[in-house]
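> Here you go, final02.txt (compact mmCIF, C-alpha atoms):
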```txt
# COMPACT_ATOMS: atom_id res chain seq x y z
CA MET A 1 10.58 -5.17 59.54
CA ALA A 2 13.13 -6.50 57.05
CA ARG A 3 12.13 -6.91 53.42
CA PHE A 4 12.51 -10.69 53.74
CA GLU A 5 10.10 -10.82 56.67
CA LEU A 6 7.54 -8.81 54.71
CA ILE A 7 7.88 -11.12 51.71
CA ALA A 8 7.42 -14.20 53.89
CA CYS A 9 4.32 -12.68 55.53
CA ALA A 10 2.91 -11.71 52.16
CA TRP A 11 3.52 -15.25 50.86
CA VAL A 12 1.45 -16.85 53.62
CA VAL A 13 -1.26 -14.19 53.69
CA GLY A 14 -1.49 -14.05 49.92
CA ALA A 15 -1.83 -17.80 49.63
CA ALA A 16 -4.60 -17.96 52.22
CA ASN A 17 -8.16 -18.17 50.95
CA VAL A 18 -9.53 -15.24 52.98
CA PRO A 19 -13.27 -14.62 52.41
CA ALA A 20 -14.10 -11.23 50.90
CA ILE A 21 -16.82 -9.47 48.99
CA ALA A 22 -17.32 -10.21 45.33
CA ALA A 23 -15.13 -8.11 43.05
CA PRO A 24 -15.97 -6.77 39.60
CA GLN A 25 -14.72 -8.81 36.68
CA ALA A 26 -13.68 -7.55 33.26
CA PRO A 27 -16.68 -6.98 30.99
CA THR A 28 -16.71 -8.97 27.79
CA GLY A 29 -15.87 -7.26 24.54
CA GLN A 30 -13.66 -4.63 26.16
CA PRO A 31 -10.14 -3.81 24.85
CA PRO A 32 -7.18 -5.29 26.78
CA PRO A 33 -6.16 -3.29 29.86
CA ALA A 34 -3.59 -0.53 29.34
CA ARG A 35 -3.19 0.80 32.91
CA ILE A 36 -2.49 -2.12 35.23
CA ILE A 37 -1.72 -2.02 38.94
CA THR A 38 -0.34 -5.27 40.30
CA ILE A 39 -0.23 -6.20 43.97
CA SER A 40 1.42 -9.50 43.16
CA PRO A 41 5.17 -9.66 42.42
CA ASN A 42 4.86 -12.91 40.47
CA SER A 43 2.11 -11.50 38.24
CA ALA A 44 4.21 -8.40 37.59
CA GLU A 45 6.99 -10.68 36.35
CA VAL A 46 4.54 -12.58 34.15
CA ILE A 47 3.19 -9.37 32.60
CA CYS A 48 6.72 -8.18 31.84
CA ALA A 49 7.78 -11.58 30.51
CA LEU A 50 4.85 -11.32 28.11
CA GLY A 51 6.26 -8.03 26.84
CA ALA A 52 3.60 -5.84 28.47
CA CYS A 53 5.66 -4.12 31.17
CA ASP A 54 4.74 -0.75 29.66
CA ARG A 55 1.11 -1.34 30.61
CA ILE A 56 1.93 -1.42 34.33
CA VAL A 57 1.35 1.94 36.03
CA GLY A 58 1.79 0.84 39.66
CA VAL A 59 3.25 -2.06 41.65
CA ASP A 60 3.33 -3.26 45.23
CA LYS A 61 6.37 -2.62 47.41
CA PHE A 62 7.70 -6.16 46.96
CA CYS A 63 8.07 -5.86 43.17
CA VAL A 64 11.77 -5.56 42.36
CA TYR A 65 12.09 -7.47 39.09
CA PRO A 66 12.58 -7.01 36.17
CA PRO A 67 14.61 -3.78 36.17
CA GLU A 68 11.97 -2.00 34.06
CA ILE A 69 9.59 -2.21 37.00
CA VAL A 70 11.80 -0.75 39.71
CA GLY A 71 10.91 2.87 38.96
CA LYS A 72 7.14 2.28 38.80
CA PRO A 73 4.99 4.02 41.46
CA LYS A 74 4.58 1.91 44.61
CA VAL A 75 1.08 1.36 46.00
CA GLY A 76 1.88 -0.44 49.25
CA GLY A 77 1.14 -4.12 49.71
CA LEU A 78 -1.72 -6.53 50.27
CA ILE A 79 -1.90 -5.70 53.97
CA ASP A 80 -1.33 -1.94 53.67
CA PRO A 81 -2.39 -0.72 50.20
CA ASP A 82 -2.18 3.00 49.40
CA LEU A 83 -5.76 3.54 48.26
CA GLU A 84 -5.30 7.23 47.46
CA LYS A 85 -2.36 6.53 45.16
CA ILE A 86 -4.33 3.77 43.43
CA ILE A 87 -7.13 6.26 42.71
CA VAL A 88 -4.65 8.79 41.31
CA LEU A 89 -3.09 6.19 38.98
CA ARG A 90 -6.49 5.50 37.32
CA PRO A 91 -6.05 1.76 36.69
CA ASP A 92 -8.23 -0.19 34.31
CA LEU A 93 -7.18 -3.50 35.93
CA LEU A 94 -5.96 -4.49 39.38
CA VAL A 95 -4.02 -7.75 39.68
CA LEU A 96 -4.25 -9.05 43.24
CA ARG A 97 -2.69 -11.98 45.08
CA GLY A 98 -4.82 -12.69 48.15
CA ARG A 99 -7.89 -10.81 49.32
CA ASN A 100 -8.35 -7.34 50.81
CA ASP A 101 -11.83 -5.96 51.51
CA ALA A 102 -10.76 -2.31 51.26
CA LEU A 103 -9.14 -2.84 47.86
CA GLU A 104 -12.10 -4.77 46.53
CA LYS A 105 -14.57 -2.15 47.73
CA LEU A 106 -12.45 0.57 46.11
CA CYS A 107 -12.36 -1.29 42.80
CA ARG A 108 -16.10 -1.81 42.99
CA SER A 109 -16.68 1.90 43.51
CA LEU A 110 -14.34 2.79 40.62
CA ASP A 111 -15.67 0.01 38.37
CA VAL A 112 -12.14 -1.39 38.05
CA PRO A 113 -12.03 -5.15 37.38
CA ILE A 114 -9.78 -7.38 39.50
CA HIS A 115 -7.73 -10.27 38.21
CA PHE A 116 -7.06 -12.63 41.12
CA ASP A 117 -3.71 -14.40 41.16
CA ARG A 118 -4.45 -17.77 42.77
CA THR A 119 -0.96 -19.27 42.49
CA GLU A 120 -0.48 -21.77 45.30
CA SER A 121 1.41 -24.58 43.57
CA LEU A 122 4.07 -24.94 40.93
CA ALA A 123 1.45 -26.27 38.53
CA ASP A 124 -0.46 -23.00 38.96
CA ILE A 125 2.34 -20.96 37.37
CA PRO A 126 1.72 -21.93 33.72
CA ALA A 127 -2.03 -21.56 34.37
CA ALA A 128 -1.41 -18.07 35.78
CA ILE A 129 0.64 -17.22 32.69
CA THR A 130 -2.15 -18.42 30.40
CA ASP A 131 -4.85 -16.58 32.36
CA LEU A 132 -2.96 -13.29 32.32
CA GLY A 133 -2.10 -13.73 28.67
CA GLU A 134 -5.79 -14.11 27.84
CA ARG A 135 -6.68 -11.07 29.96
CA LEU A 136 -4.03 -8.97 28.21
CA GLY A 137 -4.80 -10.24 24.71
CA LEU A 138 -1.40 -11.97 24.45
CA ASN A 139 -2.53 -15.58 24.15
CA GLU A 140 0.20 -16.79 21.79
CA ARG A 141 3.03 -15.33 23.85
CA ALA A 142 1.49 -16.77 27.03
CA ALA A 143 1.17 -20.23 25.49
CA ALA A 144 4.83 -20.18 24.44
CA LEU A 145 6.00 -18.95 27.87
CA ALA A 146 3.93 -21.56 29.72
CA ALA A 147 5.19 -24.30 27.41
CA GLU A 148 8.81 -23.32 28.02
CA PHE A 149 8.26 -23.37 31.78
CA GLU A 150 6.65 -26.81 31.68
CA SER A 151 9.32 -28.15 29.34
CA ARG A 152 12.12 -27.16 31.70
CA LEU A 153 10.31 -28.72 34.67
CA ALA A 154 9.78 -31.92 32.69
CA ALA A 155 13.52 -32.04 31.94
CA ILE A 156 14.31 -31.79 35.66
CA ARG A 157 11.81 -34.54 36.51
CA LYS A 158 13.33 -36.79 33.86
CA ARG A 159 16.87 -36.16 35.09
CA VAL A 160 16.14 -37.25 38.68
CA ALA A 161 13.71 -40.06 37.85
CA GLY A 162 14.71 -43.39 39.38
CA HIS A 163 17.19 -41.85 41.82
CA ASN A 164 16.98 -42.09 45.59
CA ARG A 165 15.01 -39.23 47.15
CA PRO A 166 16.82 -37.85 50.21
CA ARG A 167 14.80 -36.45 53.11
CA VAL A 168 14.78 -32.63 52.87
CA PHE A 169 13.74 -30.02 55.43
CA VAL A 170 12.98 -26.63 53.88
CA THR A 171 12.37 -23.44 55.87
CA TYR A 172 12.20 -19.69 55.35
CA SER A 173 12.51 -18.62 59.00
CA LEU A 174 16.15 -17.56 59.20
CA ALA A 175 15.55 -13.79 59.13
CA PHE A 176 12.97 -14.10 61.90
CA ARG A 177 14.96 -16.24 64.29
CA GLY A 178 18.71 -15.91 63.82
CA ALA A 179 21.09 -18.79 63.21
CA ASP A 180 20.82 -20.32 66.71
CA ASN A 181 17.07 -20.19 67.36
CA PHE A 182 15.13 -23.23 66.20
CA ALA A 183 11.79 -22.68 67.92
CA ASN A 184 8.73 -22.87 65.65
CA LEU A 185 10.40 -22.96 62.25
CA LEU A 186 8.14 -22.30 59.28
CA THR A 187 8.04 -25.00 56.63
CA ALA A 188 5.73 -26.37 53.92
CA GLY A 189 3.01 -28.97 54.39
CA LYS A 190 1.47 -31.46 51.98
CA GLY A 191 0.77 -30.19 48.49
CA MET A 192 2.10 -26.70 49.08
CA PHE A 193 4.34 -24.84 46.68
CA LEU A 194 7.66 -25.68 48.34
CA ASP A 195 6.59 -29.29 48.96
CA GLU A 196 6.02 -29.67 45.23
CA VAL A 197 9.31 -27.94 44.41
CA ILE A 198 11.30 -30.34 46.62
CA THR A 199 9.56 -33.33 45.00
CA ILE A 200 10.25 -32.20 41.44
CA ALA A 201 13.87 -31.41 42.32
CA GLY A 202 14.34 -35.02 43.43
CA GLY A 203 13.91 -34.86 47.20
CA ARG A 204 11.26 -35.77 49.76
CA ASN A 205 9.85 -33.06 52.00
CA VAL A 206 10.08 -34.43 55.56
CA PHE A 207 6.90 -32.59 56.54
CA GLY A 208 5.07 -33.38 53.31
CA ASP A 209 2.71 -35.61 55.30
CA LEU A 210 1.20 -32.68 57.23
CA ASP A 211 -2.18 -31.33 56.17
CA VAL A 212 -1.33 -27.86 57.53
CA LYS A 213 -0.32 -25.54 54.67
CA TYR A 214 2.51 -23.70 56.44
CA PRO A 215 3.21 -25.48 59.73
CA GLN A 216 5.54 -24.27 62.45
CA VAL A 217 7.64 -27.18 63.66
CA SER A 218 9.73 -27.73 66.78
CA PRO A 219 13.40 -28.80 66.98
CA GLU A 220 12.23 -32.14 68.36
CA ALA A 221 9.97 -32.71 65.37
CA ILE A 222 12.81 -31.89 62.97
CA LEU A 223 15.21 -34.28 64.71
CA ALA A 224 12.57 -37.00 64.66
CA LYS A 225 12.41 -36.68 60.86
CA GLN A 226 16.23 -37.04 60.53
CA PRO A 227 16.57 -34.87 57.40
CA GLU A 228 19.45 -35.67 55.08
CA MET A 229 19.47 -32.10 53.75
CA VAL A 230 18.39 -28.69 55.08
CA ILE A 231 17.43 -25.83 52.75
CA GLU A 232 17.18 -22.30 54.18
CA LEU A 233 15.47 -19.76 51.90
CA LEU A 234 16.72 -16.21 52.52
CA PRO A 235 15.92 -14.01 49.51
CA ASP A 236 17.84 -10.92 48.52
CA VAL A 237 20.71 -11.43 50.99
CA GLU A 238 24.37 -11.75 50.07
CA LEU A 239 25.53 -15.29 50.81
CA THR A 240 28.97 -14.92 52.37
CA ASP A 241 31.20 -17.69 53.68
CA GLU A 242 30.65 -16.24 57.16
CA LEU A 243 26.86 -16.41 56.89
CA LEU A 244 26.94 -19.96 55.55
CA SER A 245 29.31 -21.02 58.36
CA GLN A 246 27.02 -19.46 60.98
CA VAL A 247 23.97 -21.23 59.59
CA ARG A 248 25.70 -24.60 59.42
CA ALA A 249 27.17 -24.22 62.89
CA GLY A 250 23.74 -23.44 64.28
CA TRP A 251 22.19 -26.53 62.73
CA GLN A 252 25.03 -28.73 63.95
CA LYS A 253 24.29 -27.60 67.52
CA LEU A 254 20.69 -28.74 67.17
CA GLY A 255 21.51 -32.41 67.58
CA THR A 256 22.45 -35.52 65.66
CA PHE A 257 20.90 -35.93 62.23
CA PRO A 258 22.30 -36.82 58.77
CA ALA A 259 22.35 -33.30 57.27
CA ALA A 260 24.40 -31.94 60.18
CA GLY A 261 26.87 -34.80 59.96
CA SER A 262 27.38 -34.50 56.20
CA GLY A 263 27.27 -30.69 56.05
CA ARG A 264 24.38 -30.77 53.54
CA ILE A 265 22.92 -27.53 54.88
CA HIS A 266 22.35 -24.95 52.16
CA VAL A 267 21.14 -21.35 51.93
CA ILE A 268 19.32 -20.09 48.83
CA THR A 269 19.45 -16.29 48.54
CA ASP A 270 18.06 -15.57 45.07
CA ASP A 271 15.70 -12.60 45.17
CA HIS A 272 12.85 -14.71 43.74
CA CYS A 273 13.20 -17.84 45.88
CA LEU A 274 9.84 -17.08 47.54
CA ILE A 275 8.08 -15.62 44.49
CA PRO A 276 6.21 -18.18 42.33
CA SER A 277 7.03 -16.53 39.02
CA PRO A 278 8.19 -17.92 35.65
CA ARG A 279 11.76 -17.59 36.95
CA TYR A 280 11.06 -20.16 39.66
CA VAL A 281 12.15 -22.96 37.37
CA ASP A 282 15.69 -21.64 37.99
CA ILE A 283 15.21 -22.28 41.72
CA VAL A 284 13.96 -25.80 41.06
CA GLU A 285 17.03 -26.39 38.90
CA LYS A 286 19.31 -25.07 41.63
CA LEU A 287 17.70 -27.26 44.30
CA SER A 288 17.93 -30.28 42.03
CA ARG A 289 21.66 -29.67 41.61
CA LEU A 290 22.06 -29.53 45.40
CA ILE A 291 19.93 -32.61 46.04
CA HIS A 292 21.38 -34.69 43.18
CA PRO A 293 24.82 -33.32 42.25
CA GLU A 294 25.71 -36.72 40.82
CA VAL A 295 23.00 -36.35 38.17
CA HIS A 296 24.13 -32.87 37.13
CA GLY A 297 27.87 -33.49 37.38
CA ASP A 298 28.17 -30.92 40.19
CA THR A 299 29.94 -30.94 43.54
CA GLY A 300 26.84 -30.34 45.66
CA THR A 301 28.14 -27.02 47.01
CA ASP A 302 26.03 -23.88 47.17
CA PRO A 303 25.84 -22.23 43.72
CA PRO A 304 25.76 -18.44 43.53
CA ALA A 305 22.46 -16.61 43.50
CA ASP A 306 21.04 -15.97 40.04
CA ALA A 307 19.56 -12.54 40.78
CA ASP A 308 20.73 -11.17 37.45
CA ARG A 309 19.82 -14.17 35.30
CA HIS A 310 17.56 -13.24 32.40
CA PRO A 311 14.00 -14.44 33.00
CA LEU A 312 11.92 -16.63 30.77
CA ARG A 313 10.70 -14.21 28.14
CA VAL A 314 9.06 -14.75 24.80
CA PRO A 315 10.64 -12.58 22.10
CA ASP A 316 8.56 -10.22 20.03
CA PRO A 317 7.31 -11.86 16.84
CA PRO A 318 9.22 -10.86 13.69
```
Represent the structure contained in this file as structure tokens.

Amino acid sequence: MARFELIACAWVVGAANVPAIAAPQAPTGQPPPARIITISPNSAEVICALGACDRIVGVDKFCVYPPEIVGKPKVGGLIDPDLEKIIVLRPDLLVLRGRNDALEKLCRSLDVPIHFDRTESLADIPAAITDLGERLGLNERAAALAAEFESRLAAIRKRVAGHNRPRVFVTYSLAFRGADNFANLLTAGKGMFLDEVITIAGGRNVFGDLDVKYPQVSPEAILAKQPEMVIELLPDVELTDELLSQVRAGWQKLGTFPAAGSGRIHVITDDHCLIPSPRYVDIVEKLSRLIHPEVHGDTGTDPPADADRHPLRVPDPP
């Protein structure tokens, strides 16, 4: 299975509220954790942005950013954790996105507290930053990082306020289906992370009226919505002219709708375009530039991926 497919699966599974046994929480009065295992790529980015990357002793297989984390021991993922390696690494905190009975039972037996990452919406990101900052004893840094994130989002909202909101269809199914297969495309329903992202960026999610979190929609349903823009999310893939042409040609074969006629079909390939981390404000900015190029003074063409852009990071105090 391709890395993209695994990320997409982890996104949906991790966001689901799967019942599980109660997990141990950090006892009060204890020193901040110094040996952290994170099975949550976004939380790993938060910890490093707070300047505590050196406290991480193990990461899940989807953690690829920042560079300091790449060489850390891998402990599998939410679905297939390497329990033996976790035991060997002797963590004093496990950060977990989603639920896994085996992991929680292991932590209970080892008396290792779990910090649950419950990020499901864009508004949850600054809260996740604050929560982790408190857990790590880095409250001031966390407050500054969360404030910067919210400030940048507020600037985007202000920029697009009062402008027409085009109808946008967003999907992350391309790696599963190929450029010519439009059966059961995954998208975002009402109130979900990507629904919120499209709204803040200045668009209107065409399936934002559905109560299903991550619906699969048919070609007929998409055509009925007549989207004025299509956004394909394909993380960690090089966006070539050939790939973009294939994607646009496939959509144009689907039928008659505004996005196909205008060519407003875009592919976002940044490595973090499905990871709700502090860097996600860069993705919102990019989408806003595509949706409202007139506001940003852009051409509306696909900007390059920002895989190497420096993340939000609070500098060490003097």
> So that I can see what lies close to Pro33 of chain A, please list as a list in words the residues with an atom at most 9 Å from it, counting all atoms listed in the file and leaving out residues fewer than 3 positions away in the same chain.
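Near Pro33 of chain A, the qualifying residues are Gln30, Ile36, Arg55, Pro91, Asp92, Leu93, Arg135, Leu136 and Gly137 of chain A.
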> Counting all atoms listed in the file, select every polymer residue within 10 Å of (-1.4, -18.0, 40.0) as defined in the file's coordinates, and provide the selection as a PyMOL selection string.
chain A and resi 15+40+42-43+46+96-97+116-132+276-277
> Tell me which protein, DNA and RNA residues are within 12 Å of Arg141 of chain A, counting all atoms listed in the file, leaving out same-chain ones fewer than 2 positions away, and put them as a ChimeraX atom specification.
/A:46-52,126,129-134,136-139,143-148,312-317
> What separation in Å, quoted to one decimal, exists between atom CA of Arg99 of chain A and atom CA of Asp282 of chain A?
28.3 Å
> Give me, please, the distance in Å between atom CA of His163 of chain A and atom CA of Cys273 of chain A, quoted to one decimal.
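One can read the atom CA of His163 of chain A to atom CA of Cys273 of chain A distance as 24.7 Å.
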> Please provide as JSON, numbers by chain all residues within 10 Å of Met192 of chain A, with the sequence filter that same-chain residues fewer than 3 positions apart are discarded (counting only C-alpha atoms).
{"A": [15, 120, 121, 122, 187, 188, 189, 195, 196, 197, 208, 211, 212, 213, 214]}
> When you count all atoms listed in the file, which of these residues is closest to Cys63 of chain A: A:Val206, A:His272, A:Lys105, A:Lys253?
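Of A:Val206, A:His272, A:Lys105, A:Lys253, the one nearest Cys63 of chain A is A:His272, counting all atoms listed in the file.
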> So how far away is atom CA of Pro113 of chain A from atom CA of Val70 of chain A, in Å?
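If I compute the distance from atom CA of Val70 of chain A to atom CA of Pro113 of chain A, I get 24.3 Å.
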> At a cut-off of 10 Å around the point (6.2, -29.5, 64.6) (file coordinates), what residues fall inside when counting all atoms listed in the file? I'd like the answer as a list of chain:residue names.
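Residues lying no farther than 10 Å from the given point: A:Ala183, A:Asn184, A:Leu185, A:Leu186, A:Thr187, A:Phe207, A:Leu210, A:Pro215, A:Gln216, A:Val217, A:Ser218, A:Pro219, A:Glu220, A:Ala221, A:Ile222, A:Ala224.
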> Smallest atom-to-atom distance to Gln252 of chain A: which of A:Leu223, A:Val170, A:Leu94, A:Val267, using only C-alpha atoms?
A:Leu223
> Which is closer to Ile268 of chain A than all the others in A:Tyr172, A:Phe62, A:Phe193, A:Trp251, using only C-alpha atoms?
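When distances to Ile268 of chain A are compared using only C-alpha atoms, the smallest one comes from A:Tyr172.
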> Determine, counting only C-alpha atoms, which protein, DNA and RNA residues have an atom within 10 Å of an atom of Gly203 of chain A; residues of the same chain fewer than 3 positions away are not included. Present the result as a list in words.
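Those residues are Val160, His163, Asn164, Arg165, Pro166, Arg167, Val168, Phe169, Asp195, Glu196, Val197, Ile198, Thr199, Ile200, Val206, Glu228, Met229, Leu287, Ser288, Leu290, Ile291 and His292 of chain A.
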> Taking into account all atoms listed in the file, which residue in the set A:Ile114, A:Val247, A:Leu239, A:Leu106 is nearest to Ile37 of chain A?
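Nearest to Ile37 of chain A: A:Ile114.
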> May I have the residues within 7 Å of Glu238 of chain A as a PyMOL selection string, using all atoms listed in the file and disregarding those fewer than 2 positions away in the same chain?
chain A and resi 236+240+269
> Calculated over all atoms listed in the file, which of the candidates A:Val64, A:Leu243, A:Ala34, A:Phe149 has the smallest distance to Pro278 of chain A?
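Among A:Val64, A:Leu243, A:Ala34, A:Phe149, it is A:Phe149 that comes nearest to Pro278 of chain A.
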